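Engineer: The structure under discussion is supplied below as structure tokens; questions concerning it will follow.
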Number of protein chains: 4
Amino acid sequence: MKSSDKPTTQLCTHDTESITVRGADLVNDLIGELTFTEMTYFTITGRRPTRAQTRILDAVLVTLMEHGLTPSAIATRMIYGSTPESLQAAVSAGLLAVGSVFVGTMEGCAALIERILAAPDRQAAARDIADEYRSERRAIPGFGHHMHKPDDPRTPKLFAIAEAEGVPGMHIDALRTLSAAVDARFGKHLTINATGAIGALLGEIGIPAGVMRGVAVISRSAGLVAHIAEEQRSPSMRYMWDVVEEAVPYVEGTGAGE
Amino acid sequence: MKSSDKPTTQLCTHDTESITVRGADLVNDLIGELTFTEMTYFTITGRRPTRAQTRILDAVLVTLMEHGLTPSAIATRMIYGSTPESLQAAVSAGLLAVGSVFVGTMEGCAALIERILAAPDRQAAARDIADEYRSERRAIPGFGHHMHKPDDPRTPKLFAIAEAEGVPGMHIDALRTLSAAVDARFGKHLTINATGAIGALLGEIGIPAGVMRGVAVISRSAGLVAHIAEEQRSPSMRYMWDVVEEAVPYVEGTGAGE
Amino acid sequence: MKSSDKPTTQLCTHDTESITVRGADLVNDLIGELTFTEMTYFTITGRRPTRAQTRILDAVLVTLMEHGLTPSAIATRMIYGSTPESLQAAVSAGLLAVGSVFVGTMEGCAALIERILAAPDRQAAARDIADEYRSERRAIPGFGHHMHKPDDPRTPKLFAIAEAEGVPGMHIDALRTLSAAVDARFGKHLTINATGAIGALLGEIGIPAGVMRGVAVISRSAGLVAHIAEEQRSPSMRYMWDVVEEAVPYVEGTGAGE
Amino acid sequence: MKSSDKPTTQLCTHDTESITVRGADLVNDLIGELTFTEMTYFTITGRRPTRAQTRILDAVLVTLMEHGLTPSAIATRMIYGSTPESLQAAVSAGLLAVGSVFVGTMEGCAALIERILAAPDRQAAARDIADEYRSERRAIPGFGHHMHKPDDPRTPKLFAIAEAEGVPGMHIDALRTLSAAVDARFGKHLTINATGAIGALLGEIGIPAGVMRGVAVISRSAGLVAHIAEEQRSPSMRYMWDVVEEAVPYVEGTGAGE
């Protein structure tokens with residue numbers, strides 16, 4: 001590796017008297033001056049967010065924080081009850097659930113949006129995508145919801161906030177174009193779900209697709225801390241454990257995939 | 001377990017048309033209405049924060065987000081480079097570092113503050129604490145810093161924000177009382193460090209000591225996402241790996257604790 | 001740091017043609033020559049195990065591998081169902097449960113054994129310990145079991161294996177001395193549980209108390225892989241999720257530690 | 001879900017007097033009777049392993065245990081130094097590195113082997129695979145090694161053990177067929193690396209491709225415990241941290257993916 005190839009970091013440095021984050025003095029310029037959401041945007045992108053970008057990122061972070069006793073929350077409570085001296089381990093366990101099944105669709109939807117935006121004919125690109133998923137009988141990332149029908153109630157609210165703030169709107173337009181093509185091709189209405197809408201909104205404010213899942217991780221970390229706080233007030237882990245043990249009984253057998 | 005002992009949750013419920021968090025309608029009352037920081041306070045405590053509480057929680061979250069290539073950030077980068085398909089695993093790995101050595105002192109300091117607040121004579125309680133730690137030659141949680149000398153620059157800023165917002169101030173007063181007793185007993189000035197100050201500030205806004213570490217986890221999750229975003233732009237993991245391998249050479253031997 | 005203080009590693013080195021672990025050639029001396037259990041002992045301690053040490057370590061590893069739908073296994077299944085592309089994340093989540101509540105007692109028991117062994121009068125030391133825990137009404141690590149009564153069936157088997165192999169027996173003797181003192185002081189029989197017995201056995205074979213929890217981690221990692229393999233054959237995560245959601249209903253309220 | 005669809009588990013049940021794993025009595029049939037490796041095979045597959053299967057699984061587990069200061073080991077040491085009260089968190093952090101980059105190739109190679117075995121003309125299938133990867137300029141899972149050249153020394157040893165034990169040999173044959181096709185198509189020799197060989201060996205003993213990564217996780221868990229034991233004897237985390245901080249300097253800039 002040549003000297004010029006040596007990696008550097010642009011995030012933070014510190015000496016005995018000060019801490020510098022992204023070129024700004026932490027104590028004088030950031031603490032007390034920025035909200036958490038502004039600081040998050042600034043640290044990730046290196047740019048101070050506009051008011052609109054902050055409002056949209058706040059809306060996304062609020063949307064994803066809490067959804068009840070999800071697998072993520074159950075994992076956090078199981079670990080917290082086993083190792084209460086290590087709160088961070090309980091949060092970490094739950095965050096591991098922010099994977100392909102529940103949240104990864106956000107990036108998949110963002111990739112479809114980027115494909116449409118890059119195409120010379122966006123309508124045609126949207127139709128092509130709808131055709132591909134239909135013929136392969138695959139779920140389209142960002143569309144459909146097992147519970148919220150006919151429409152995910154979060155989606156119109158998220159779009160309304162973005163539009164009230166006057167974002168460019170290209171990502172949202174592309175997603176709506178895709179939605180129309182999908183409904184036409186599938187012969188029925190498939191809701192744009194919250195992760196789909198969020199893929200569009202985060203695109204509008206310049207968050208790269210590869211980082212979007214991180215926004216969900218940040219938001220969920222707060223939700224999981226709330227689950228731990230509730231577990232401290234009124235423990236439920238041992239009850240959940242009993243309930244699972246009773247619900248999934250032991251049977252003899254040598255199931256091994258044969 | 002009697003039926004009346006069955007655990008419940010007060011966090012979230014949902015049906016086909018709506019999601020309710022802490023008694024509020026997510027779509028109509030929370031998304032677009034609350035910032036991330038307000039929503040975090042609301043979800044954890046069940047109470048809408050005052051402006052002062054929000055400002056203080058924002059200040060704390062901004063303070064802890066980013067401190068360069070810490071063990072936490074190194075762990076995140078090692079895992080991200082090994083499994084880039086699983087961004088959440090990289091964040092989880094780094095969050096596991098939010099343990100006793102670097103952040104747990106926050107809770108320890110909060111416990112000392114609570115002990116002082118509960119005492120009939122707070123000056124005497126502070127002197128007792130200083131005596132105990134001095135005679136046992138133990139580090140006092142929330143005091144001293146290996147790098148920031150003579151004073152941690154974050155502490156006066158955090159106190160100033162809290163006081164400008166007009167908090168009750170009892171936790172901060174107790175910490176200052178302890179600080180005076182510590183300096184007198186140790187015969188030299190020990191800085192109140194940022195985790196100490198944060199232990200007092202979070203006490204002022206009603207965050208229980210057992211949840212404080214969770215606030216650090218939330219803040220660090222955003223910092224670690226920024227490290228991953230930087231690793232995506234300019235990877236450094238393999239270089240760090242080379243540097244570590246070269247710095248810690250192999251030698252033969254059977255070190256085994258005997 | 002002086003040059004002489006630079007840390008080194010005694011574990012492994014490699015070049016283009018060979019890999020050396022603990023001074024031995026991996027390909028020629030270890031693969032195909034050592035069992036997993038022998039290699040584990042060798043890598044951790046730097047010493048080739050005797051036949052007796054191997055047998056005892058195998059017995060311990062077999063004992064701890066699998067105990068059904070524990071919090072650890074539930075966490076693993078929750079994460080696996082959320083991110084099946086990341087099997088290692090599911091195992092990691094479950095291993096985080098190997099903490100103070102279920103397994104940490106092993107180290108606590110080992111510490112009591114070491115205290116007895118270091119005392120001039122072991123009987124007296126055992127009585128002192130029993131008195132302390134009794135008067136503080138604390139659970140004695142390694143004693144009692146919420147389910148296995150009157151005796152944990154694993155304990156006599158583990159002792160029998162160790163004794164058949166002709167271990168020195170000092171740790172086991174100390175634990176039995178403690179057991180007699182405990183029963184006398186508490187006025188009833190408290191079983192030595194499996195983690196207590198394992199604390200003694202691992203002491204007999206020279207595993208430091210600070211590493212014992214790691215033996216449980218190794219063993220559980222295999223059990224958790226078996227849970228994932230079962231989840232692949234017959235998924236149960238969504239059913240468990242439904243069962244938990246139904247068992248722990250939402251109620252309104254602002255429980256917040258007041 | 002109909003009653004008949006309710007999931008069950010075949011792994012473990014227990015009552016006050018006994019623990020049953022896979023239909024066998026833990027105390028009487030397994031502890032002291034099976035090695036860790038036999039117990040692992042039994043718990044995962046439901047079948048007692050033959051001597052050959054045990055020998056091969058042991059060889060695989062020994063091969064993957066330890067490879068020095070890898071990203072996995074660095075992550076483990078970073079977390080252990082930050083939270084020494086939580087050994088399991090340090091192991092979990094390191095195991096998260098057992099992902100697509102370093103070990104996932106094992107499953108990819110196993111999938112290619114299965115594709116060859118399922119083809120009517122295995123030579124042709126191998127040539128097709130070599131053509132595909134060559135034309136797409138992709139790395140072939142299980143082939144090549146950045147350090148071990150011209151051949152990974154572990155591969156011939158692993159094949160020799162399997163053949164000495166008299167395995168059916170179909171998976172190994174298929175991998176050799178692929179190797180010949182790869183060398184012909186690429187016009188140079190690419191070594192079958194250890195993860196490729198292991199993909200074939202685990203196929204020979206009936207471990208499903210979807211579980212293979214779990215075998216690596218089990219093996220690495222022991223290696224990571226050895227790193228923690230070394231960190232306890234001679235801490236190196238803070239030195240590694242210093243070295244990384246110095247090697248990757250801070251520069252101002254707003255790199256953000258533009």
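As shown in the structure tokens, the chain order sets the letters A, B, ...; within each chain, residues go from 1, and ligands are also counted from 1 in the order they appear.
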Each residue of range 154-247 of chain B with at least one atom at most 12 Å from range 7-21 of chain C should appear once, together with its nearest atom pair and the corresponding distance in Å (one decimal); atoms considered: only C-alpha atoms; ordering: chain, then increasing residue number; output as a Markdown table.
Structural biologist:
| residue | atom | partner | partner_atom | distance |
| --- | --- | --- | --- | --- |
| B:Val244 | CA | C:Thr8 | CA | 10.7 |
| B:Glu245 | CA | C:Thr13 | CA | 9.6 |
| B:Glu246 | CA | C:Thr8 | CA | 10.1 |
| B:Ala247 | CA | C:Pro7 | CA | 8.2 |
Engineer: I want to know what sits within 7 Å of range 219-226 of chain C, based on only C-alpha atoms, with residues of the same chain fewer than 6 positions away left out; could you give that as a ChimeraX atom specification?
Structural biologist: /C:61,64-66,73,76,91,95 /D:40,43-44,214,218
Engineer: May I have the residues within 8 Å of range 27-35 of chain D as a list in words, using only C-alpha atoms and disregarding those fewer than 5 positions away in the same chain?
Structural biologist: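 The contact residues come out as Thr37, Arg55, Ile56, Asp58, Ala59, Val60, Val62, Thr63, Pro153, Arg154, Lys157, Leu158 and Ile161 of chain C; Ser18 and Ile19 of chain D.
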Engineer: Pull out every residue of chain B that has at least one atom within 6 Å of chain D, counting only C-alpha atoms, and report them as a VMD selection string.
Structural biologist: chain B and resid 69 71 75 78 to 79 82 to 83 93 97 99 to 101 240 244 to 245 257
Engineer: Check the DSSP output for the backbone and give back, as an MDAnalysis selection string, the residues of range 8-227 of chain A in alpha helix (DSSP H).
Structural biologist: chainID A and resid 36:45 51:64 71:82 87:95 105:118 122:135 154:164 170:186 194:204 209:227
Engineer: Within 10 Å of Leu117 in chain C, counting only C-alpha atoms, which residues show up once you throw out same-chain ones fewer than 4 positions away? Write them as a ChimeraX atom specification, please.
Structural biologist: /C:111-113,121-122,125-126,170-171,173-175
Engineer: Can you list every residue in range 18-90 of chain B that DSSP puts in strand (DSSP E or B), as an MDAnalysis selection string?
Structural biologist: chainID B and resid 19:21 24:25
Engineer: So that I can see what lies close to Thr50 in chain B, please list as a list in words the residues with an atom at most 12 Å from it, counting only C-alpha atoms and leaving out residues fewer than 2 positions away in the same chain.
Structural biologist: Leu34, Thr37, Glu38, Met39, Tyr41, Phe42, Arg47, Arg48, Ala52, Gln53, Thr54, Arg55, Ile56, Leu57, Glu165, Gly166, Val167, Ile205 and Gly206 of chain B
Engineer: For the residues in the current selection, export N, CA and C atoms as a PDB file, in the first residue's frame.
Structural biologist:
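What landed in part.pdb:
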ATOM      1  N   LEU B  34     -43.665  14.755  16.498  1.00  0.00           N
ATOM      2  CA  LEU B  34     -42.589  14.656  17.479  1.00  0.00           C
ATOM      3  C   LEU B  34     -41.246  14.483  16.773  1.00  0.00           C
ATOM      4  N   THR B  37     -36.097  12.657  19.366  1.00  0.00           N
ATOM      5  CA  THR B  37     -35.747  12.766  20.787  1.00  0.00           C
ATOM      6  C   THR B  37     -37.004  12.820  21.651  1.00  0.00           C
ATOM      7  N   GLU B  38     -38.002  13.557  21.211  1.00  0.00           N
ATOM      8  CA  GLU B  38     -39.277  13.590  21.943  1.00  0.00           C
ATOM      9  C   GLU B  38     -39.945  12.217  21.955  1.00  0.00           C
ATOM     10  N   MET B  39     -39.903  11.540  20.807  1.00  0.00           N
ATOM     11  CA  MET B  39     -40.526  10.218  20.712  1.00  0.00           C
ATOM     12  C   MET B  39     -39.792   9.219  21.595  1.00  0.00           C
ATOM     13  N   TYR B  41     -38.155   9.884  24.399  1.00  0.00           N
ATOM     14  CA  TYR B  41     -38.533  10.171  25.787  1.00  0.00           C
ATOM     15  C   TYR B  41     -39.951   9.653  26.072  1.00  0.00           C
ATOM     16  N   PHE B  42     -40.837   9.897  25.128  1.00  0.00           N
ATOM     17  CA  PHE B  42     -42.229   9.486  25.288  1.00  0.00           C
ATOM     18  C   PHE B  42     -42.343   7.962  25.359  1.00  0.00           C
ATOM     19  N   ARG B  47     -44.350   9.690  29.144  1.00  0.00           N
ATOM     20  CA  ARG B  47     -44.714  11.108  29.305  1.00  0.00           C
ATOM     21  C   ARG B  47     -44.174  11.919  28.130  1.00  0.00           C
ATOM     22  N   ARG B  48     -44.968  12.898  27.675  1.00  0.00           N
ATOM     23  CA  ARG B  48     -44.437  13.851  26.698  1.00  0.00           C
ATOM     24  C   ARG B  48     -43.396  14.717  27.387  1.00  0.00           C
ATOM     25  N   ALA B  52     -37.610  21.743  28.010  1.00  0.00           N
ATOM     26  CA  ALA B  52     -36.322  21.629  28.703  1.00  0.00           C
ATOM     27  C   ALA B  52     -35.814  20.189  28.684  1.00  0.00           C
ATOM     28  N   GLN B  53     -36.710  19.249  28.935  1.00  0.00           N
ATOM     29  CA  GLN B  53     -36.286  17.844  28.932  1.00  0.00           C
ATOM     30  C   GLN B  53     -35.784  17.422  27.555  1.00  0.00           C
ATOM     31  N   THR B  54     -36.466  17.891  26.520  1.00  0.00           N
ATOM     32  CA  THR B  54     -36.035  17.554  25.168  1.00  0.00           C
ATOM     33  C   THR B  54     -34.667  18.143  24.866  1.00  0.00           C
ATOM     34  N   ARG B  55     -34.476  19.399  25.230  1.00  0.00           N
ATOM     35  CA  ARG B  55     -33.196  20.065  24.968  1.00  0.00           C
ATOM     36  C   ARG B  55     -32.048  19.339  25.668  1.00  0.00           C
ATOM     37  N   ILE B  56     -32.307  18.908  26.883  1.00  0.00           N
ATOM     38  CA  ILE B  56     -31.254  18.240  27.652  1.00  0.00           C
ATOM     39  C   ILE B  56     -30.967  16.857  27.079  1.00  0.00           C
ATOM     40  N   LEU B  57     -32.028  16.133  26.730  1.00  0.00           N
ATOM     41  CA  LEU B  57     -31.805  14.810  26.148  1.00  0.00           C
ATOM     42  C   LEU B  57     -31.084  14.940  24.806  1.00  0.00           C
ATOM     43  N   GLU B 165     -32.009  25.981  30.914  1.00  0.00           N
ATOM     44  CA  GLU B 165     -33.370  25.478  30.732  1.00  0.00           C
ATOM     45  C   GLU B 165     -34.164  25.485  32.030  1.00  0.00           C
ATOM     46  N   GLY B 166     -33.507  25.818  33.125  1.00  0.00           N
ATOM     47  CA  GLY B 166     -34.243  25.909  34.384  1.00  0.00           C
ATOM     48  C   GLY B 166     -34.667  24.583  34.981  1.00  0.00           C
ATOM     49  N   VAL B 167     -33.802  23.569  34.909  1.00  0.00           N
ATOM     50  CA  VAL B 167     -34.131  22.303  35.576  1.00  0.00           C
ATOM     51  C   VAL B 167     -34.110  22.507  37.088  1.00  0.00           C
ATOM     52  N   ILE B 205     -33.871  14.947  34.328  1.00  0.00           N
ATOM     53  CA  ILE B 205     -35.052  14.836  33.448  1.00  0.00           C
ATOM     54  C   ILE B 205     -35.828  13.542  33.693  1.00  0.00           C
ATOM     55  N   GLY B 206     -35.500  12.835  34.778  1.00  0.00           N
ATOM     56  CA  GLY B 206     -36.340  11.710  35.176  1.00  0.00           C
ATOM     57  C   GLY B 206     -36.072  10.398  34.485  1.00  0.00           C
TER      58      GLY B 206
END
Engineer: What is the distance between CA of Asp152 in chain A and CA of Ile192 in chain A, in Å to one decimal?
Structural biologist: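 Here the two named atoms are 6.9 Å from each other.
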Engineer: Figure out the distance between CA of Val211 in chain D and CA of Ala118 in chain D, please, to one decimal in Å.
Structural biologist: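 If I compute the distance from CA of Ala118 in chain D to CA of Val211 in chain D, I get 19.7 Å.
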Engineer: Excluding same-chain residues fewer than 5 positions from Glu107 in chain B, what lies within 8 Å of it counting only C-alpha atoms, as an mmCIF file with N, CA and C atoms, in the first residue's frame?
Structural biologist:
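As a result, out30.cif now contains:
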data_model
loop_
_atom_site.group_PDB
_atom_site.id
_atom_site.type_symbol
_atom_site.label_atom_id
_atom_site.label_comp_id
_atom_site.auth_asym_id
_atom_site.auth_seq_id
_atom_site.Cartn_x
_atom_site.Cartn_y
_atom_site.Cartn_z
ATOM 1 N N GLY B 199 -24.824 11.597 33.876
ATOM 2 C CA GLY B 199 -25.568 10.927 34.937
ATOM 3 C C GLY B 199 -26.440 11.906 35.721
ATOM 4 N N ALA B 209 -31.806 5.486 36.640
ATOM 5 C CA ALA B 209 -30.399 5.093 36.504
ATOM 6 C C ALA B 209 -30.252 3.812 35.684
ATOM 7 N N GLY B 210 -31.178 2.873 35.854
ATOM 8 C CA GLY B 210 -31.083 1.594 35.151
ATOM 9 C C GLY B 210 -31.275 1.695 33.656
ATOM 10 N N MET B 212 -30.156 4.594 31.940
ATOM 11 C CA MET B 212 -29.220 5.583 31.405
ATOM 12 C C MET B 212 -28.269 5.010 30.349
ATOM 13 N N ARG B 213 -27.776 3.797 30.613
ATOM 14 C CA ARG B 213 -26.869 3.208 29.641
ATOM 15 C C ARG B 213 -27.540 3.071 28.272
#
Engineer: To one decimal place in Å, what is the distance between CA of Glu252 in chain D and CA of His227 in chain B?
Structural biologist: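 These atoms are spaced 15.0 Å apart.
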Engineer: Can you pull out the residues contacting Thr155 in chain D? Cut-off 9 Å, using only C-alpha atoms, and skip same-chain residues under 3 positions away; I want them as a PyMOL selection string.
Structural biologist: chain D and resi 151-152+158-160+191-198
Engineer: Those residues with N, CA and C atoms, as a short mmCIF file (atom, residue, chain, number, x, y, z; two decimals), in the first residue's frame please?
Structural biologist:
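See result.cif below for the written result:
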data_model
loop_
_atom_site.label_atom_id
_atom_site.label_comp_id
_atom_site.auth_asym_id
_atom_site.auth_seq_id
_atom_site.Cartn_x
_atom_site.Cartn_y
_atom_site.Cartn_z
N ASP D 151 -0.87 -23.63 -3.17
CA ASP D 151 -1.98 -24.46 -2.67
C ASP D 151 -2.20 -24.25 -1.19
N ASP D 152 -3.46 -24.26 -0.83
CA ASP D 152 -3.82 -24.19 0.58
C ASP D 152 -3.40 -25.51 1.23
N LEU D 158 -7.23 -32.55 4.55
CA LEU D 158 -8.65 -32.82 4.79
C LEU D 158 -9.16 -33.92 3.86
N PHE D 159 -8.77 -33.85 2.58
CA PHE D 159 -9.17 -34.90 1.65
C PHE D 159 -8.59 -36.26 2.09
N ALA D 160 -7.34 -36.25 2.53
CA ALA D 160 -6.70 -37.52 2.92
C ALA D 160 -7.42 -38.16 4.11
N THR D 191 -6.04 -22.77 -6.32
CA THR D 191 -6.13 -23.77 -5.26
C THR D 191 -7.56 -23.96 -4.79
N ILE D 192 -7.91 -25.20 -4.46
CA ILE D 192 -9.12 -25.42 -3.66
C ILE D 192 -8.74 -25.01 -2.24
N ASN D 193 -9.44 -24.01 -1.71
CA ASN D 193 -9.05 -23.55 -0.38
C ASN D 193 -9.76 -24.36 0.72
N ALA D 194 -9.41 -24.08 1.96
CA ALA D 194 -9.92 -24.89 3.07
C ALA D 194 -11.44 -24.83 3.15
N THR D 195 -12.03 -23.65 2.91
CA THR D 195 -13.50 -23.61 3.02
C THR D 195 -14.15 -24.42 1.90
N GLY D 196 -13.52 -24.47 0.72
CA GLY D 196 -14.03 -25.33 -0.35
C GLY D 196 -13.97 -26.79 0.06
N ALA D 197 -12.81 -27.20 0.54
CA ALA D 197 -12.65 -28.60 0.95
C ALA D 197 -13.64 -28.96 2.05
N ILE D 198 -13.84 -28.03 2.95
CA ILE D 198 -14.76 -28.30 4.07
C ILE D 198 -16.20 -28.40 3.56
#
